[in-house]
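**Q** Shown below is the structure under consideration.
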Amino acid sequence: MRWSWLWIALCLICPAVVDGGKVLVYPVDGSHWVNMKVIIEELHSRGHQISVVRTTDSWYIKETSPFYTSITLNMDSGFDEDFIGMFVAQLLEIQREGKSVWTRFKLEMEQGQKSFELNEKATKVLEQVFENKDLMQSLQDAKYDLVLTDPAFPGGVILAHYLRLPLVLNVRWTTHGEGHFSIAPSPLSYIPITGTRFSDKMSFFERVINVLNFGLWEYLIAQYVVPSYDALIKKYLGPDIDYSSLFQAADIWLMRVDFVFEFPRPTMPNVVYMGGFQCKPAKPLPQHLEDFVQSSGEHGVIIMSLGTMIGELPHDLADEIAAAFSKLPQKVIWRYKGDRPATLGNNTLLVDWMPQSDLLGHPKTKLFVAHGGTNGVQEAIYHGVPILALPLIFDQHDNLMRIEVRGAGKIVDFFTMNEDTFFQGIQEVLSEPSYMMNMQKLSRLHRDQPLKPLDNAIFWIEFVMRHKGAAHLRTESYRLPWYSYHSVDVMLFLVGVILIVLATFAGLIRCLCSVCVKTKTKHD
């Protein structure tokens, strides 16, 4: 009897666990894979079996791994290093033409066109997957517990619905924009559209621009994204399935930001914030890097990286950056794969790769020169290192604007800067204590949580496994037609009722007036 009570007590005290769940991962390559891999490794460490879908031209996603079994599709996705390198180079070249409405329009059109090309290729990959009967049968026979996917491309979302499996999104972006806009109410009066570079405190004219940008974005989605998938969805999922509703029907949205970084905004019960989930305490540096860092003395170290997609720069810009670095008393570690800049100083070490998080966590690191990718920004917040920002493409301007608004970094216009302006930017962030103080405040806020972001993410993935989904957290608003969602029908009904009441009242008054007039006439 005593053992029975002990067993009951243990069951009440210990949290529910999932024994060896099976997860099908449909990832996105490049920097998106870097953070997906963190979740995969943690799931593997907890005893889950992971299968990862990849293509033969996968860039970061390796075929063999101790953490997962790969399902390699015998086809190219088109999302490889060569394509991305060429695309990024084109975007940089357009922006170097100067700041104008025409330049911005060209930039948006180029991004829209390349998005269309990638989505067309993604559609062909999906079609071949669905037409491969042996592959589809093996996926169904595997009896997965859920699909984990990055919805920057919708392949995993569509596949999950086809297989009728619970769906968890590792998300900041969907194919059609920032993730919140797909799932949560997003008033344009204080929620800036990505690309506007506005904060949540907009003037009247900024709100006008914000609304116009929203309209342009919706047009680009309708023009370049949705048509790529409409026919495929109707063919394999059914004629009544709507493209947007596939995303909104996801069980859990693991959002790669938190409200230390993001502006306050409405959200939903099935959105789980895990900003900084990839961040860890710094580990010791390789000996050659530690020796270089220690050689900086009291001046400390600056590190610079422009992320996974931008390994090299136009020669003239690289020379300007190197010349500015050479004038500093600090040592500099610069991740750079291009030709050695002619103006490189003895204080600067060029590397093909560096342990970025470990360097950010080193006590001698004083400044992070960064392009503004979400991963790098979150690591800088975690370790409390201020940023000198060089935003280049995509969401980087908006990410870094959030840091600048909070006084934790400074943005330098990459396309108009020279040696002097870059040097002055570095000096300002290094010499003004408020930048370091504000970033360390963000770091304290970020770390002050009851549960680590990665543990929170894994809990909700396992929650979906345990309960075969999370339908009770999912809004059904996406099933409503637009006029019901915005209560247009209700407003028209109420306006109609009011008009009927007013018309009835006016009719009664008219009748009373007529009676009074007739009565008066008779008396006369």
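Residue numbering restarts at 1 in every chain; chains get A, B, ... in the order shown in the structure tokens, and ligands count up from 1 in that same order.
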Residues of stretch 107-130 of chain A within 12 Å of stretch 170-186 of chain A: nearest atom pair and distance (Å, one decimal) for each, counting only C-alpha atoms, sorted by chain and number, as CSV?

**A**
residue,atom,partner,partner_atom,distance
A:Gly112,CA,A:His176,CA,10.8
A:Ser115,CA,A:Thr175,CA,8.8
A:Phe116,CA,A:Thr175,CA,10.4
A:Leu118,CA,A:Thr175,CA,10.5
A:Asn119,CA,A:Thr175,CA,8.6
A:Ala122,CA,A:Thr175,CA,11.2

**Q** Where does DSSP see helix (DSSP H, G or I) in stretch 27-177 of chain A, if you list the residues as a PyMOL selection string?

**A** chain A and resi 31-45+81-95+101-131+133-141+155-163

**Q** What are the nearest atom pairs, with distances in Å to one decimal, for all residues of stretch 133-156 of chain A that come at most 10 Å from stretch 47-57 of chain A, using only C-alpha atoms, set out by chain and rising residue number as a tab-separated table?

**A**
residue	atom	partner	partner_atom	distance
A:Leu139	CA	A:Ser51	CA	9.9
A:Ala142	CA	A:Ser51	CA	9.9
A:Tyr144	CA	A:Gln49	CA	9.3
A:Val147	CA	A:Ser51	CA	9.7
A:Leu148	CA	A:Val52	CA	9.5
A:Thr149	CA	A:Val52	CA	9.8
A:Gly156	CA	A:Val53	CA	9.2

**Q** With only C-alpha atoms as the counted atoms, please give the residues lying no more than 12 Å from stretch 104-107 of chain A, apart from itself and same-chain residues fewer than 6 positions off, as an MDAnalysis selection string.

**A** chainID A and resid 87:98 113:114 195:196 213 216:217 220 392:394

**Q** So that I can see what lies close to A:Ile381, please list as a VMD selection string the residues with an atom at most 7 Å from it, counting only C-alpha atoms and leaving out residues fewer than 5 positions away in the same chain.

**A** chain A and resid 439 442 to 443

**Q** Could the residues in this selection be written to a file with N, CA and C atoms, as a PDB file, in the first residue's frame?

**A**
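File produced: again-v6.pdb:
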ATOM      1  N   MET A 439      22.122  47.911 -23.613  1.00  0.00           N
ATOM      2  CA  MET A 439      22.138  46.529 -24.086  1.00  0.00           C
ATOM      3  C   MET A 439      22.209  45.557 -22.914  1.00  0.00           C
ATOM      4  N   LEU A 442      18.767  45.175 -21.591  1.00  0.00           N
ATOM      5  CA  LEU A 442      18.000  44.230 -22.413  1.00  0.00           C
ATOM      6  C   LEU A 442      18.390  42.788 -22.091  1.00  0.00           C
ATOM      7  N   SER A 443      19.686  42.581 -21.867  1.00  0.00           N
ATOM      8  CA  SER A 443      20.167  41.234 -21.547  1.00  0.00           C
ATOM      9  C   SER A 443      19.560  40.741 -20.235  1.00  0.00           C
TER      10      SER A 443
END

**Q** List as a PyMOL selection string the protein and nucleic acid residues near A:Ala323, meaning an atom at most 9 Å away when only C-alpha atoms are counted, but skip any in the same chain fewer than 4 places from it.

**A** chain A and resi 318-319+327+341-345+419+423

**Q** Would you mind exporting the chosen residues as a PDB file, in the first residue's frame, restricted to N, CA and C atoms?

**A**
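Heads up, here's the output in out14.pdb:
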ATOM      1  N   ALA A 318      34.928  47.146 -48.683  1.00  0.00           N
ATOM      2  CA  ALA A 318      35.790  46.360 -47.793  1.00  0.00           C
ATOM      3  C   ALA A 318      37.034  47.152 -47.413  1.00  0.00           C
ATOM      4  N   ASP A 319      37.594  47.886 -48.356  1.00  0.00           N
ATOM      5  CA  ASP A 319      38.782  48.708 -48.076  1.00  0.00           C
ATOM      6  C   ASP A 319      38.456  49.827 -47.089  1.00  0.00           C
ATOM      7  N   LYS A 327      42.739  52.052 -37.657  1.00  0.00           N
ATOM      8  CA  LYS A 327      43.010  53.231 -36.838  1.00  0.00           C
ATOM      9  C   LYS A 327      42.631  53.030 -35.367  1.00  0.00           C
ATOM     10  N   PRO A 341      41.486  42.833 -48.008  1.00  0.00           N
ATOM     11  CA  PRO A 341      41.455  44.276 -48.304  1.00  0.00           C
ATOM     12  C   PRO A 341      42.864  44.878 -48.293  1.00  0.00           C
ATOM     13  N   ALA A 342      43.101  45.791 -49.207  1.00  0.00           N
ATOM     14  CA  ALA A 342      44.431  46.401 -49.329  1.00  0.00           C
ATOM     15  C   ALA A 342      44.793  47.232 -48.109  1.00  0.00           C
ATOM     16  N   THR A 343      43.782  47.734 -47.384  1.00  0.00           N
ATOM     17  CA  THR A 343      44.025  48.641 -46.259  1.00  0.00           C
ATOM     18  C   THR A 343      43.998  47.931 -44.910  1.00  0.00           C
ATOM     19  N   LEU A 344      44.037  46.598 -44.906  1.00  0.00           N
ATOM     20  CA  LEU A 344      43.910  45.841 -43.662  1.00  0.00           C
ATOM     21  C   LEU A 344      45.057  46.151 -42.712  1.00  0.00           C
ATOM     22  N   GLY A 345      44.725  46.437 -41.447  1.00  0.00           N
ATOM     23  CA  GLY A 345      45.736  46.752 -40.449  1.00  0.00           C
ATOM     24  C   GLY A 345      46.203  45.517 -39.696  1.00  0.00           C
ATOM     25  N   GLU A 419      35.202  55.595 -44.840  1.00  0.00           N
ATOM     26  CA  GLU A 419      36.100  55.280 -43.726  1.00  0.00           C
ATOM     27  C   GLU A 419      35.816  56.151 -42.507  1.00  0.00           C
ATOM     28  N   PHE A 423      34.296  54.908 -38.930  1.00  0.00           N
ATOM     29  CA  PHE A 423      35.168  55.079 -37.768  1.00  0.00           C
ATOM     30  C   PHE A 423      34.451  55.876 -36.674  1.00  0.00           C
TER      31      PHE A 423
END

**Q** Report the distance between atom CA of A:Gly338 and atom CA of A:Pro314 in Å, rounded to one decimal place.

**A**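 Result for atom CA of A:Gly338 versus atom CA of A:Pro314: 8.8 Å, one decimal.
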